[in-house]
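Novice: Take this structure first; my questions come after.
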Amino acid sequence: MEPSEEKQKKLEKLVALVNRSEISSIKSIVSGIVRIINDPKASIWDLKEMVEVDPPLTAKVLKVANSVYYYPPKKIGEIRQALIWIGFDTLKEMALSQKVSEIFNENDSAEGYSIRFLWKHCVAVALITKMIYRREFKERGANAYVAGLLHDIGIIVESQFLQNDFSQVLSIAKNEKKNLSEAEQEVFGLHHADIGMAIAENWNLPQEIAGAIGYHDNPLEAEQDYSKLASTLYVAEYCSQNSSIGYSETPFQNNEIYQQCLAELNMDPHALDLIVEDAMRELNEMEDQGLF
Ligand SMILES: [Fe+2]
Ligand SMILES: [Fe+2]
């Protein structure tokens with residue numbers, strides 16, 4: 001079998017496992033919210049309907065809406081009220097983060113790896129990516145937040161379905177001081193980014209999201225349709241690592257690739273300081289809201 005054919009087979013097998021597992025429980029809400037985000041004609045009522053068909057999600061969203069952070073004048077008991085009090089954009093992101101957080105299950109940990117830290121890392125990358133789009137590119141970056149939240153979904157898959165191999169990957173990364181992708185290549189012959197991309201494609205998420213997830217470790221090789229988002233993810237990943245929001249993967253980002261991404265995105269690295277500061281503040285607020 002050709003190496004690429006073999007890789008394809010492995011990916012198909014993993015995607016099939018994912019689709020029969022708890023992980024796929026986020027599929028319909030995530031693709032639904034992504035559709036709303038990308039549809040200029042979508043209204044807040046589409047979002048309301050989508051969240052309301054998921055009672056545990058509704059309960060979580062209402063809990064956050066009633067938290068000290070949002071401080072409503074009286075108790076919010078319905079999604080409709082939450083929408084009015086918190087706003088469409090915030091509620092979209094809140095519902096997405098609450099839903100995606102369900103697959104980062106606390107019981108799932110291995111030596112040198114914590115799913116809790118991985119989740120915090122994904123939220124940090126999502127926030128920084130979104131802020132770069134808004135402030136630096138003056139674009140809404142509809143897919144930026146969701147791509148950040150999901151970029152490392154392949155790691156969860158490895159930790160759940162390839163447990164022994166995954167432990168080996170972690171020990172190679174740690175003992176031989178290799179980055180996660182190199183260790184994955186040695187052990188699985190594929191990367192968590194490949195797995196993430198295969199899942200995003202199988203779930204029919206926009207190609208921009210799937211491609212950016214697939215190339216978040218090697219953005220300079222990404223196709224034009226998603227190279228901007230992939231490079232921004234890389235920059236966000238680099239920043240989150242510098243702020244120590246990561247786990248075993250992060251100390252090995254490549255400074256050369258980072259510099260090239262900045263040049264390609266036409267970004268001044270100093271602009272990032274404020275973005276990271278604000279993202280970290282938001283992350284702490286989310287922590288107060290009970291997201292981690
Ligand atoms: Fe990654
Ligand atoms: Fe990451």
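Residue numbering restarts at 1 for every chain of the structure tokens, chains are lettered A, B, ... in their displayed order, and ligands are numbered from 1 as they appear.
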Using only C-alpha atoms and all ligand atoms, I'd like a table of the residues in chain A that come within 7 Å of ligand 1; for each, show the closest atom pair and its distance in Å rounded to one decimal, ordered by chain and ascending number, as a tab-separated table.

Specialist:
residue	atom	partner	partner_atom_place_in_ligand_line	distance
A:His151	CA	ligand 1	1 (Fe)	6.3
A:Asp152	CA	ligand 1	1 (Fe)	4.8
A:His192	CA	ligand 1	1 (Fe)	6.7
A:Ala193	CA	ligand 1	1 (Fe)	6.3
A:His216	CA	ligand 1	1 (Fe)	6.6
A:Asp217	CA	ligand 1	1 (Fe)	6.4

Novice: Taking only stretch 45-222 of chain A into account, list the residues labelled strand (DSSP E or B) by DSSP (computed from the backbone), as a PDB file with N, CA, C and O atoms, in the first residue's frame.

Specialist:
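Saved to part-v9.pdb:
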ATOM      1  N   SER A 109      -6.804  11.574  30.927  1.00  0.00           N
ATOM      2  CA  SER A 109      -5.484  12.184  30.978  1.00  0.00           C
ATOM      3  C   SER A 109      -4.409  11.111  30.947  1.00  0.00           C
ATOM      4  O   SER A 109      -4.651   9.954  31.259  1.00  0.00           O
ATOM      5  N   ALA A 110      -3.264  11.509  30.514  1.00  0.00           N
ATOM      6  CA  ALA A 110      -2.129  10.585  30.457  1.00  0.00           C
ATOM      7  C   ALA A 110      -0.948  11.355  31.028  1.00  0.00           C
ATOM      8  O   ALA A 110      -1.037  12.560  31.258  1.00  0.00           O
ATOM      9  N   TYR A 113       0.268  15.043  30.027  1.00  0.00           N
ATOM     10  CA  TYR A 113      -0.793  15.606  29.207  1.00  0.00           C
ATOM     11  C   TYR A 113      -2.012  15.808  30.080  1.00  0.00           C
ATOM     12  O   TYR A 113      -2.388  14.924  30.850  1.00  0.00           O
ATOM     13  N   SER A 114      -2.615  16.969  29.997  1.00  0.00           N
ATOM     14  CA  SER A 114      -3.834  17.204  30.765  1.00  0.00           C
ATOM     15  C   SER A 114      -4.887  17.763  29.837  1.00  0.00           C
ATOM     16  O   SER A 114      -4.675  18.777  29.164  1.00  0.00           O
TER      17      SER A 114
END

Novice: Fewer than 2 positions away in the same chain doesn't count, so skip those; otherwise give me all residues within 8 Å of A:Ala147, counting only C-alpha atoms, as a VMD selection string.

Specialist: chain A and resid 126 143 to 145 149 to 151 209 to 210 212 to 213

Novice: Please check which protein, DNA or RNA residues sit within 9 Å of ligand 2, counting only C-alpha atoms and all ligand atoms, and write them as JSON, numbers by chain.

Specialist: {"A": [118, 121, 122, 125, 148, 151, 152, 216, 217, 233, 234, 236, 237, 238, 240, 241, 246, 247, 249, 250]}

Novice: In Å, rounded to a single decimal, give me how far atom CA of A:Gly141 is from atom CA of A:Tyr226.

Specialist: 11.8 Å

Novice: Please list as a list in words every residue within 8 Å of stretch 264-271 of chain A, counting only C-alpha atoms and excluding residues in the same chain fewer than 3 positions away.

Specialist: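 Using only C-alpha atoms, the neighbours found are Glu136, Lys228, Ser231, Thr232, Gln260, Cys261, Leu274 and Ile275 of chain A.
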
Novice: Between A:Ile132, A:Ile76, A:Val34, A:Val235, which has the minimum distance to A:Glu93 (counting only C-alpha atoms)?

Specialist: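 Of all the options, A:Val34 lies closest to A:Glu93.
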
Novice: Using DSSP on the backbone, list every residue of stretch 7-245 of chain A that comes out as helix (DSSP H, G or I), and give them as a VMD selection string.

Specialist: chain A and resid 7 to 19 22 to 38 44 to 52 55 to 65 79 to 86 88 to 101 115 to 136 144 to 150 153 to 161 163 to 175 180 to 187 192 to 202 207 to 214 219 to 221 224 to 242

Novice: What is the atom CA of A:Lys48 to atom CA of A:Ile79 distance in Å?

Specialist: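 Atom-to-atom, atom CA of A:Lys48 and atom CA of A:Ile79 are spaced 6.2 Å apart.
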
Novice: Go through A:Ala59, A:Ala173, A:Ile199, A:Leu91 one by one, measure the shortest atom-to-atom distance of each to A:Glu12 using only C-alpha atoms, and give the residue with the smallest value.

Specialist: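 Checking each of A:Ala59, A:Ala173, A:Ile199, A:Leu91 against A:Glu12, counting only C-alpha atoms, the winner is A:Ile199.
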
Novice: Using only C-alpha atoms, which residues of stretch 63-170 of chain A come within 9 Å of stretch 23-33 of chain A, and what is the closest atom pair for each, with the distance in Å to one decimal? Give it as a tab-separated table, sorted by chain and residue number.

Specialist:
residue	atom	partner	partner_atom	distance
A:Lys92	CA	A:Ile33	CA	6.9
A:Glu93	CA	A:Ile33	CA	8.9
A:Ala95	CA	A:Ile33	CA	8.5
A:Leu96	CA	A:Val30	CA	6.5
A:Lys99	CA	A:Ile26	CA	6.2
A:Val100	CA	A:Ile26	CA	6.3
A:Glu102	CA	A:Ile26	CA	7.8
A:Ile103	CA	A:Ile23	CA	5.6
A:Phe104	CA	A:Ile23	CA	8.9
A:Val146	CA	A:Val30	CA	8.4
A:Ile156	CA	A:Ile23	CA	8.9
A:Val157	CA	A:Ile23	CA	8.5

Novice: Can you tell me, as a PyMOL selection string, what residues are no more than 10 Å from A:Gln224 when counting only C-alpha atoms, ignoring any on the same chain fewer than 4 positions away?

Specialist: chain A and resi 208+211+220+228-230

Novice: Please, could you write that set of residues out with C-alpha atoms as an mmCIF file, in the first residue's frame?

Specialist:
data_model
loop_
_atom_site.group_PDB
_atom_site.id
_atom_site.type_symbol
_atom_site.label_atom_id
_atom_site.label_comp_id
_atom_site.auth_asym_id
_atom_site.auth_seq_id
_atom_site.Cartn_x
_atom_site.Cartn_y
_atom_site.Cartn_z
ATOM 1 C CA GLU A 208 -11.582 27.282 5.535
ATOM 2 C CA GLY A 211 -7.955 23.371 5.995
ATOM 3 C CA LEU A 220 3.238 27.922 5.001
ATOM 4 C CA LYS A 228 -4.518 33.145 6.214
ATOM 5 C CA LEU A 229 -6.497 31.359 8.921
ATOM 6 C CA ALA A 230 -3.833 28.640 9.256
#

Novice: Mind pulling up the distance from atom CA of A:Asn38 to atom CA of A:Phe292?

Specialist: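 Going from atom CA of A:Phe292 over to atom CA of A:Asn38 covers 27.4 Å.
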
Novice: Tell me, as a PDB file with N, CA and C atoms, in the first residue's frame, which residues lie within 12 Å of A:Ile172, counting only C-alpha atoms; anything in the same chain fewer than 6 positions away does not count.

Specialist:
ATOM      1  N   GLY A 112       2.063  13.572  31.412  1.00  0.00           N
ATOM      2  CA  GLY A 112       2.583  14.649  30.580  1.00  0.00           C
ATOM      3  C   GLY A 112       1.511  15.338  29.747  1.00  0.00           C
ATOM      4  N   ASP A 165      -0.338   4.185  21.864  1.00  0.00           N
ATOM      5  CA  ASP A 165       0.522   4.935  20.945  1.00  0.00           C
ATOM      6  C   ASP A 165       0.687   6.380  21.409  1.00  0.00           C
ATOM      7  N   PHE A 166      -0.398   6.920  21.926  1.00  0.00           N
ATOM      8  CA  PHE A 166      -0.354   8.312  22.368  1.00  0.00           C
ATOM      9  C   PHE A 166       0.610   8.483  23.539  1.00  0.00           C
ATOM     10  N   LYS A 178      11.370  16.309  21.177  1.00  0.00           N
ATOM     11  CA  LYS A 178      10.843  16.514  19.820  1.00  0.00           C
ATOM     12  C   LYS A 178       9.509  17.219  19.937  1.00  0.00           C
ATOM     13  N   ASN A 179       9.076  17.846  18.854  1.00  0.00           N
ATOM     14  CA  ASN A 179       7.748  18.429  18.961  1.00  0.00           C
ATOM     15  C   ASN A 179       6.705  17.351  18.701  1.00  0.00           C
ATOM     16  N   LEU A 180       5.462  17.673  19.052  1.00  0.00           N
ATOM     17  CA  LEU A 180       4.409  16.662  19.021  1.00  0.00           C
ATOM     18  C   LEU A 180       4.258  16.053  17.624  1.00  0.00           C
ATOM     19  N   SER A 181       4.305  16.900  16.597  1.00  0.00           N
ATOM     20  CA  SER A 181       4.110  16.398  15.227  1.00  0.00           C
ATOM     21  C   SER A 181       5.186  15.401  14.822  1.00  0.00           C
ATOM     22  N   GLU A 182       6.427  15.698  15.200  1.00  0.00           N
ATOM     23  CA  GLU A 182       7.520  14.769  14.856  1.00  0.00           C
ATOM     24  C   GLU A 182       7.312  13.422  15.535  1.00  0.00           C
ATOM     25  N   ALA A 183       6.956  13.482  16.831  1.00  0.00           N
ATOM     26  CA  ALA A 183       6.746  12.239  17.578  1.00  0.00           C
ATOM     27  C   ALA A 183       5.548  11.480  17.002  1.00  0.00           C
ATOM     28  N   GLU A 184       4.507  12.202  16.611  1.00  0.00           N
ATOM     29  CA  GLU A 184       3.323  11.551  16.021  1.00  0.00           C
ATOM     30  C   GLU A 184       3.689  10.857  14.715  1.00  0.00           C
ATOM     31  N   GLN A 185       4.499  11.557  13.924  1.00  0.00           N
ATOM     32  CA  GLN A 185       4.911  10.996  12.640  1.00  0.00           C
ATOM     33  C   GLN A 185       5.626   9.662  12.858  1.00  0.00           C
ATOM     34  N   GLU A 186       6.476   9.635  13.861  1.00  0.00           N
ATOM     35  CA  GLU A 186       7.241   8.427  14.162  1.00  0.00           C
ATOM     36  C   GLU A 186       6.326   7.280  14.590  1.00  0.00           C
ATOM     37  N   VAL A 187       5.352   7.597  15.434  1.00  0.00           N
ATOM     38  CA  VAL A 187       4.529   6.538  16.028  1.00  0.00           C
ATOM     39  C   VAL A 187       3.312   6.179  15.181  1.00  0.00           C
ATOM     40  N   SER A 248       2.322  19.675  26.662  1.00  0.00           N
ATOM     41  CA  SER A 248       3.613  19.203  26.158  1.00  0.00           C
ATOM     42  C   SER A 248       3.958  19.666  24.738  1.00  0.00           C
ATOM     43  N   GLU A 249       2.953  19.904  23.922  1.00  0.00           N
ATOM     44  CA  GLU A 249       3.214  20.264  22.529  1.00  0.00           C
ATOM     45  C   GLU A 249       3.930  21.611  22.388  1.00  0.00           C
TER      46      GLU A 249
END

Novice: May I ask which of the residues A:Ala263, A:Val51, A:Ile115, A:Leu190 is the closest one to A:Glu5, counting only C-alpha atoms?

Specialist: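 Among A:Ala263, A:Val51, A:Ile115, A:Leu190, it is A:Leu190 that comes nearest to A:Glu5.
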
Novice: So that I can see what lies close to stretch 278-288 of chain A, please list as a list in words the residues with an atom at most 8 Å from it, counting only C-alpha atoms and leaving out residues fewer than 4 positions away in the same chain.

Specialist: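 In the requested form, the answer reads Tyr69, Val123, Ala124, Leu127, Ile128, Met131, Leu274 and Phe292 of chain A.
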